[in-house]
Each structure stands twice: as C-alpha cells, then as structure tokens.
Amino acid sequence: MTERTDLVHVAGARPNFPKLAPVHRALANLDVSQKLVHTGQHFDEQMSGVFFRELELPEPDINLGAGGGSGIQQIARAMTELEYLLTELQPKWIVVYGDVNSTVASALVGARMGIPVAHVEAGLRSFDRRMPEEINRIVTDQICDQHFATSQDAVEHLLNEGVLEAGIHFVGNPMIDTLLRNHDRFDVSAIKRKFGLEEPYAVATLHRPSNVDSSDDARNIVGALHSVADVIEIVLPLHPRGRARLLGAGLDDHANVRVVDPLGYVDFMSLVRGSNVTITDSGGVQEETTIFGIPCLTLRENTERPVTISHGTNRLVSRESLGRAVGEVLAAVPQPRSVPPLWDGNAGSRIAVKLHQLL
C-alpha cells in the first residue's frame with residue numbers, strides 16, 4: 001500500500017516554478033510529507049528543466065508528460081493522468097499555482113475527487129475573458145477551498161465573487177520571495193558580456209495569444225518593436241509560442257533587434273535587471289520589474305496585476321503608442337516608488353504555516 005502523502009504540489013509551466021519554490025522549501029522545514037507533480041505543460045530544457053536546478057527545487061516526483069497540443073488537449077490529458085495518480089497517492093491537500101492549464105486541470109480533478117485544493121496567487125482578474133488565463137483563474141477560484149492572494153485587490157475580487165472570507169489569506173507574493181532570494185546572483189555585467197550588449201538596451205518578452213497567434217497581430221507587433229529598435233537595441237528571448245509567426249513577419253530583420261533562445265531564470269532576471277526598459281505581455285515580468293524599479297511597458301489592454309501600476313513601474317501601452325512610450329521612458333527622470341504590501345520575501349513561509357495548520 002502506498003504511503004499516504006500530506007500534500008501534492010502540481011505545476012506545469014515556467015511561471016509556476018518561482019512561485020512554488022519558496023512554498024516547497026518552507027513546508028520541507030516544517031517536515032510536511034509532500035510530492036511535486038509536473039504535468040509537462042512546458043517540457044523543454046529552457047522552459048522547465050533549468051528552473052529546477054537554478055531554484056534549488058528537487059526533481060519532480062512524477063512527470064505526467066501532458067504537454068503539447070492545444071490548451072484544451074493539455075487540460076484533458078492532465079486531468080486523466082492526475083485522476084490515476086491522485087487515486088494512488090490520496091493526498092490530504094493539493095496545491096496549485098498561478099493561472100496555467102495545469103492549474104485548472106488540477107483544481108477540477110481535486111474538486112471531483114473530494115480532495116481539498118489550495119490556490120496560490122488566487123483572485124487576480126483582468127476582466128478579459130478572451131484570455132485563456134482569465135478563464136483558468138475564475139474556474140480555479142470557484143472550486144478551490146483555500147485562496148492565497150498576492151494583493152489586496154485580489155482579496156476584494158474573491159469576496160465579490162462569493163468566496164468565503166475564512167478561505168482567503170492575503171500572504172504576499174511568493175514569486176518575489178524567489179526574486180529576493182536570488183537577487184545577488186543576477187549579474188548584469190556577465191549577461192551584457194554574454195550578448196555583447198552596450199547601454200542602453202531594452203528587453204522584450206511576448207507570448208500572449210492576442211499578440212502572436214495571428215499573422216496580422218504578429219506583423220503589427222513586429223512593426224511596433226521595429227519602431228522601438230530605431231532608438232534602442234532590443235533583446236528578445238523568444239518564447240516557443242508565436243516564434244515562427246514573429247520571425248516570419250520579419251522580427252529579426254532590424255539590425256537593432258537581437259532574438260535569442262529562451263533563457264533560464266538567473267540569466268533572464270540579470271538581463272531585465274540591467275535593462276533601461278522592459279516590454280512585455282507577461283504577468284510575472286510586470287511584478288519582477290516592479291521590484292527592480294525597471295520601467296515596464298505592458299503590451300495589453302488590461303492587466304490582472306494593477307498593483308504593479310499603482311505601486312510600481314508598470315504602464316499599459318498599445319502597439320501604436322509603444323515607440324512614443326519608450327521615448328518618454330528614456331527621457332524621464334526616475335521617480336520614487338513603493339513596494340506592494342507583503343512583497344517582502346516571506347510569502348512562502350506564510351503559505352506554508354497556513355497549510356501546516358490545515359493539515
């Protein structure tokens with residue numbers, strides 16, 4: 001008979017791992033029996049494997065190999081494999097992270113099997129249901145038992161949606177725990193030597209369906225980035241999603257655009273830390289630049305992380321206004337900023353203490 005497991009963490013994509021690492025570490029210090037399940041949503045070395053080494057995470061106890069295909073296919077495969085696995089393990093709790101396909105798949109299986117589920121990074125809302133991640137967030141929060149929120153606006157969203165206050169915990173941001181823990185490893189000089197960069201330079205990251213999934217969107221994004229490259233060099237670690245379309249639209253035809261493969265956590269954070277401006281459609285990058293104090297221009301109509309605008313350096317921009325916005329950033333005098341509440345490096349410990357109490 002399999003030994004009973006207290007808690008199963010389920011992760012599957014690159015954004016999950018920096019959130020998971022501090023929680024896993026803090027639970028290990030409390031002697032909680034835990035297993036780490038990787039659904040395989042992101043499965044290549046630079047999108048997954050390197051993160052486990054750099055974040056000092058143990059290798060996953062189980063890898064479900066549910067990557068590839070459409071988002072719906074990923075969810076379906078992950079659910080099927082998780083049902084078999086959780087039937088064997090019979091954990092007391094499942095912990096899910098963020099808003100990726102693995103997150104909603106795990107929450108659905110846990111709810112159907114009667115296993116309590118805790119959601120780390122609960123309550124974030126863009127109010128844009130065209131985003132697959134928004135659907136994942138809403139569904140996950142409605143069926144989870146415990147909700148760990150990174151910001152006060154997330155708490156308010158959960159309450160407005162009818163989540164019981166007793167199941168909501170404002171704990172801060174575990175992704176920032178990872179950033180602060182590794183801060184001294186981010187070597188700007190080394191990353192600039194690696195890519196032969198001079199100052200100033202911009203970093204860009206793009207992978208949202210609204211920006212890269214159609215040829216027209218890809219052409220428009222490339223035009224916007226080229227307008228930026230007219231005034232500043234851009235380094236773009238190119239996500240597999242949309243890579244072919246962006247390159248096909250001529251992304252790397254501009255001499256001032258440097259397309260590179262996806263980077264590991266330490267190299268990417270070093271690159272961002274040394275930049276003069278970061279252009280992104282990623283949620284996590286909005287948070288990380290807030291801590292670094294790096295101006296962040298988010299190529300989206302909305303954000304589920306408004307705290308990065310009110311307390312940080314983030315600003316929403318359109319493709320048409322991107323070039324002008326970069327010029328304004330480069331000409332601006334740095335302004336005082338504040339760090340969002342509880343983004344202090346101790347969120348993982350707060351989450352672990354609560355989970356330990358629940359166990």
# chains A, B, ... in the order shown; residues from 1 in each chain; ligands from 1

$ residues_around --residues "A:Thr303" --least-positions-apart "5" --cutoff "8 Å" --atoms "only C-alpha atoms" --output "VMD selection string"
chain A and resid 125 to 126 283 316

$ closest_atom_pairs --of "stretch 238-335 of chain A" --to "stretch 342-350 of chain A" --cutoff "12 Å" --atoms "only C-alpha atoms" --output "CSV"
residue,atom,partner,partner_atom,distance
A:Glu287,CA,A:Trp343,CA,9.8
A:Glu288,CA,A:Trp343,CA,10.6
A:Thr290,CA,A:Trp343,CA,10.3
A:Ile291,CA,A:Trp343,CA,8.7
A:Val307,CA,A:Trp343,CA,11.1
A:Thr308,CA,A:Trp343,CA,11.4
A:His311,CA,A:Trp343,CA,11.1
A:Gly312,CA,A:Trp343,CA,11.7

$ select_by_dssp --residues "stretch 82-216 of chain A" --states "strand (DSSP E)" --output "MDAnalysis selection string"
chainID A and resid 93:97 117:122 146:149 168:170 201:205

$ select_by_dssp --residues "stretch 211-284 of chain A" --states "alpha helix (DSSP H)" --output "PyMOL selection string"
chain A and resi 211-212+215-229+243-248+265-273+283-284

$ write_last_selection --atoms "N, CA and C atoms" --output "compact mmCIF listing (two decimals), in the first residue's frame"
# COMPACT_ATOMS: atom_id res chain seq x y z
N ASN A 211 -1.33 38.68 -29.03
CA ASN A 211 -0.21 39.35 -29.68
C ASN A 211 0.48 38.50 -30.74
N VAL A 212 0.40 37.18 -30.63
CA VAL A 212 1.24 36.36 -31.51
C VAL A 212 0.51 35.26 -32.26
N SER A 215 -1.30 36.04 -37.92
CA SER A 215 -0.26 36.67 -38.74
C SER A 215 -0.39 38.19 -38.73
N ASP A 216 -1.64 38.70 -38.72
CA ASP A 216 -1.83 40.15 -38.68
C ASP A 216 -1.30 40.74 -37.37
N ASP A 217 -1.62 40.09 -36.25
CA ASP A 217 -1.12 40.58 -34.97
C ASP A 217 0.40 40.53 -34.93
N ALA A 218 0.97 39.45 -35.44
CA ALA A 218 2.43 39.33 -35.44
C ALA A 218 3.07 40.45 -36.26
N ARG A 219 2.50 40.78 -37.42
CA ARG A 219 3.05 41.87 -38.25
C ARG A 219 2.96 43.20 -37.52
N ASN A 220 1.83 43.43 -36.85
CA ASN A 220 1.67 44.69 -36.12
C ASN A 220 2.66 44.79 -34.95
N ILE A 221 2.84 43.69 -34.24
CA ILE A 221 3.80 43.68 -33.13
C ILE A 221 5.20 43.92 -33.63
N VAL A 222 5.56 43.27 -34.73
CA VAL A 222 6.90 43.45 -35.30
C VAL A 222 7.10 44.91 -35.70
N GLY A 223 6.10 45.53 -36.31
CA GLY A 223 6.21 46.94 -36.67
C GLY A 223 6.43 47.81 -35.44
N ALA A 224 5.71 47.51 -34.36
CA ALA A 224 5.86 48.29 -33.13
C ALA A 224 7.26 48.12 -32.55
N LEU A 225 7.75 46.90 -32.53
CA LEU A 225 9.09 46.65 -31.99
C LEU A 225 10.17 47.29 -32.86
N HIS A 226 9.98 47.29 -34.16
CA HIS A 226 10.95 47.94 -35.04
C HIS A 226 10.99 49.45 -34.78
N SER A 227 9.84 50.05 -34.45
CA SER A 227 9.84 51.47 -34.14
C SER A 227 10.65 51.75 -32.87
N VAL A 228 10.63 50.80 -31.94
CA VAL A 228 11.46 50.93 -30.73
C VAL A 228 12.93 50.73 -31.08
N ALA A 229 13.18 49.73 -31.92
CA ALA A 229 14.57 49.42 -32.29
C ALA A 229 15.24 50.55 -33.06
N ARG A 243 6.78 31.96 -32.04
CA ARG A 243 8.13 32.18 -32.58
C ARG A 243 8.11 32.20 -34.12
N ALA A 244 7.49 31.20 -34.71
CA ALA A 244 7.50 31.11 -36.17
C ALA A 244 6.81 32.31 -36.81
N ARG A 245 5.67 32.73 -36.22
CA ARG A 245 4.94 33.87 -36.80
C ARG A 245 5.73 35.17 -36.70
N LEU A 246 6.33 35.41 -35.54
CA LEU A 246 7.09 36.66 -35.36
C LEU A 246 8.31 36.70 -36.27
N LEU A 247 9.01 35.59 -36.36
CA LEU A 247 10.17 35.56 -37.26
C LEU A 247 9.72 35.65 -38.72
N GLY A 248 8.61 35.00 -39.03
CA GLY A 248 8.08 35.08 -40.39
C GLY A 248 7.65 36.48 -40.77
N TYR A 265 16.25 31.17 -15.49
CA TYR A 265 15.77 32.20 -14.56
C TYR A 265 16.85 33.23 -14.25
N VAL A 266 18.04 32.80 -13.89
CA VAL A 266 19.09 33.73 -13.47
C VAL A 266 19.52 34.62 -14.63
N ASP A 267 19.72 34.05 -15.80
CA ASP A 267 20.13 34.85 -16.96
C ASP A 267 19.04 35.85 -17.36
N PHE A 268 17.79 35.40 -17.34
CA PHE A 268 16.73 36.32 -17.75
C PHE A 268 16.58 37.47 -16.76
N MET A 269 16.61 37.15 -15.48
CA MET A 269 16.50 38.21 -14.48
C MET A 269 17.70 39.17 -14.53
N SER A 270 18.87 38.65 -14.82
CA SER A 270 20.04 39.50 -14.98
C SER A 270 19.85 40.46 -16.16
N LEU A 271 19.30 39.91 -17.25
CA LEU A 271 19.05 40.73 -18.44
C LEU A 271 18.05 41.84 -18.15
N VAL A 272 16.98 41.51 -17.45
CA VAL A 272 15.96 42.51 -17.11
C VAL A 272 16.53 43.54 -16.15
N ARG A 273 17.27 43.08 -15.16
CA ARG A 273 17.81 44.00 -14.16
C ARG A 273 18.72 45.06 -14.78
N GLY A 283 2.53 38.44 -17.10
CA GLY A 283 2.15 38.90 -15.78
C GLY A 283 3.32 38.93 -14.82
N GLY A 284 4.11 37.88 -14.80
CA GLY A 284 5.22 37.81 -13.87
C GLY A 284 6.25 38.90 -14.07

$ atom_distance --atom1 "atom CA of A:Thr298" --atom2 "atom CA of A:Asn314"
7.0 Å

$ closest_atom_pairs --of "stretch 68-161 of chain A" --to "stretch 165-181 of chain A" --cutoff "6 Å" --atoms "only C-alpha atoms" --output "JSON lines"
{"residue": "A:Gln146", "atom": "CA", "partner": "A:Gly167", "partner_atom": "CA", "distance": 4.7}
{"residue": "A:His147", "atom": "CA", "partner": "A:Ile168", "partner_atom": "CA", "distance": 4.8}
{"residue": "A:Phe148", "atom": "CA", "partner": "A:His169", "partner_atom": "CA", "distance": 4.9}
{"residue": "A:Ala149", "atom": "CA", "partner": "A:Phe170", "partner_atom": "CA", "distance": 4.8}
{"residue": "A:Thr150", "atom": "CA", "partner": "A:Gly172", "partner_atom": "CA", "distance": 4.3}

$ closest_residue --among "A:Asp141, A:Asp99, A:Glu54, A:Glu88" --to "A:Ser282" --atoms "only C-alpha atoms"
A:Asp99

$ atom_distance --atom1 "atom CA of A:Leu358" --atom2 "atom CA of A:Asp31"
14.1 Å

$ residues_around --residues "A:Phe127" --least-positions-apart "3" --cutoff "12 Å" --atoms "only C-alpha atoms" --output "PyMOL selection string"
chain A and resi 123-124+130-135+137-138+157+301-306

$ atom_distance --atom1 "atom CA of A:Arg14" --atom2 "atom CA of A:Gln73"
18.5 Å

$ closest_residue --among "A:Val353, A:Val339, A:Ala28, A:Leu359" --to "A:Ser151" --atoms "only C-alpha atoms"
A:Val339

$ residues_around --residues "stretch 293-297 of chain A" --least-positions-apart "6" --cutoff "9 Å" --atoms "only C-alpha atoms" --output "mmCIF file with N, CA and C atoms, in the first residue's frame"
data_model
loop_
_atom_site.group_PDB
_atom_site.id
_atom_site.type_symbol
_atom_site.label_atom_id
_atom_site.label_comp_id
_atom_site.auth_asym_id
_atom_site.auth_seq_id
_atom_site.Cartn_x
_atom_site.Cartn_y
_atom_site.Cartn_z
ATOM 1 N N VAL A 272 16.979 41.509 -17.452
ATOM 2 C CA VAL A 272 15.964 42.508 -17.109
ATOM 3 C C VAL A 272 16.531 43.541 -16.147
ATOM 4 N N ARG A 273 17.270 43.078 -15.160
ATOM 5 C CA ARG A 273 17.813 43.996 -14.156
ATOM 6 C C ARG A 273 18.718 45.062 -14.779
ATOM 7 N N GLY A 274 19.415 44.703 -15.844
ATOM 8 C CA GLY A 274 20.318 45.649 -16.477
ATOM 9 C C GLY A 274 19.686 46.507 -17.558
ATOM 10 N N SER A 275 18.416 46.268 -17.858
ATOM 11 C CA SER A 275 17.784 46.976 -18.971
ATOM 12 C C SER A 275 17.332 48.377 -18.568
ATOM 13 N N ASN A 276 17.114 49.199 -19.560
ATOM 14 C CA ASN A 276 16.571 50.539 -19.345
ATOM 15 C C ASN A 276 15.051 50.554 -19.410
ATOM 16 N N VAL A 277 14.484 49.576 -20.101
ATOM 17 C CA VAL A 277 13.035 49.437 -20.198
ATOM 18 C C VAL A 277 12.741 47.998 -20.608
ATOM 19 N N THR A 278 11.629 47.462 -20.094
ATOM 20 C CA THR A 278 11.201 46.113 -20.464
ATOM 21 C C THR A 278 9.817 46.196 -21.092
ATOM 22 N N ILE A 279 9.668 45.522 -22.209
ATOM 23 C CA ILE A 279 8.403 45.465 -22.950
ATOM 24 C C ILE A 279 7.880 44.040 -22.838
ATOM 25 N N THR A 280 6.631 43.883 -22.413
ATOM 26 C CA THR A 280 6.168 42.526 -22.127
ATOM 27 C C THR A 280 4.670 42.396 -22.276
ATOM 28 N N ASP A 281 4.191 41.148 -22.344
ATOM 29 C CA ASP A 281 2.775 40.848 -22.124
ATOM 30 C C ASP A 281 2.624 39.805 -21.022
ATOM 31 N N VAL A 285 6.539 39.231 -15.312
ATOM 32 C CA VAL A 285 7.539 40.265 -15.589
ATOM 33 C C VAL A 285 7.070 41.615 -15.059
ATOM 34 N N GLN A 286 5.772 41.872 -15.098
ATOM 35 C CA GLN A 286 5.246 43.115 -14.514
ATOM 36 C C GLN A 286 5.593 43.202 -13.023
ATOM 37 N N GLY A 312 4.135 50.390 -8.634
ATOM 38 C CA GLY A 312 5.375 50.026 -9.320
ATOM 39 C C GLY A 312 5.698 50.895 -10.503
ATOM 40 N N THR A 313 6.272 50.268 -11.491
ATOM 41 C CA THR A 313 6.796 50.980 -12.642
ATOM 42 C C THR A 313 6.068 50.596 -13.927
ATOM 43 N N ASN A 314 4.969 49.891 -13.804
ATOM 44 C CA ASN A 314 4.283 49.329 -14.964
ATOM 45 C C ASN A 314 3.313 50.342 -15.590
ATOM 46 N N ARG A 315 3.123 50.181 -16.898
ATOM 47 C CA ARG A 315 2.214 51.050 -17.659
ATOM 48 C C ARG A 315 1.674 50.252 -18.835
ATOM 49 N N LEU A 316 0.358 50.319 -19.053
ATOM 50 C CA LEU A 316 -0.246 49.657 -20.200
ATOM 51 C C LEU A 316 -0.079 50.528 -21.444
ATOM 52 N N VAL A 317 0.316 49.891 -22.558
ATOM 53 C CA VAL A 317 0.505 50.634 -23.805
ATOM 54 C C VAL A 317 -0.085 49.833 -24.964
ATOM 55 N N LEU A 322 3.602 52.365 -28.520
ATOM 56 C CA LEU A 322 4.792 51.776 -27.893
ATOM 57 C C LEU A 322 6.045 52.603 -28.142
ATOM 58 N N ALA A 325 6.027 55.703 -26.112
ATOM 59 C CA ALA A 325 6.157 55.407 -24.687
ATOM 60 C C ALA A 325 7.601 55.083 -24.317
ATOM 61 N N VAL A 326 8.301 54.373 -25.175
ATOM 62 C CA VAL A 326 9.714 54.077 -24.907
ATOM 63 C C VAL A 326 10.521 55.363 -24.884
ATOM 64 N N VAL A 329 9.960 57.061 -21.603
ATOM 65 C CA VAL A 329 10.671 56.383 -20.510
ATOM 66 C C VAL A 329 12.150 56.762 -20.516
ATOM 67 N N PRO A 334 13.871 59.302 -13.069
ATOM 68 C CA PRO A 334 13.300 58.272 -12.185
ATOM 69 C C PRO A 334 12.533 58.892 -11.023
ATOM 70 N N ARG A 337 9.159 55.241 -5.814
ATOM 71 C CA ARG A 337 8.144 54.212 -5.968
ATOM 72 C C ARG A 337 8.005 53.468 -4.652
#

$ residues_around --residues "stretch 9-12 of chain A" --least-positions-apart "4" --cutoff "7 Å" --atoms "only C-alpha atoms" --output "NGL selection string"
:A and (16 or 35-42 or 94-97 or 102 or 106)

$ closest_residue --among "A:Met79, A:Leu85, A:Val235, A:Val203" --to "A:Val109" --atoms "only C-alpha atoms"
A:Met79

$ closest_residue --among "A:Leu330, A:Val104, A:Val32, A:Leu27" --to "A:Gln74" --atoms "only C-alpha atoms"
A:Val104

$ closest_residue --among "A:Ser210, A:Leu55, A:Ser338, A:His254" --to "A:Arg319" --atoms "only C-alpha atoms"
A:Ser210
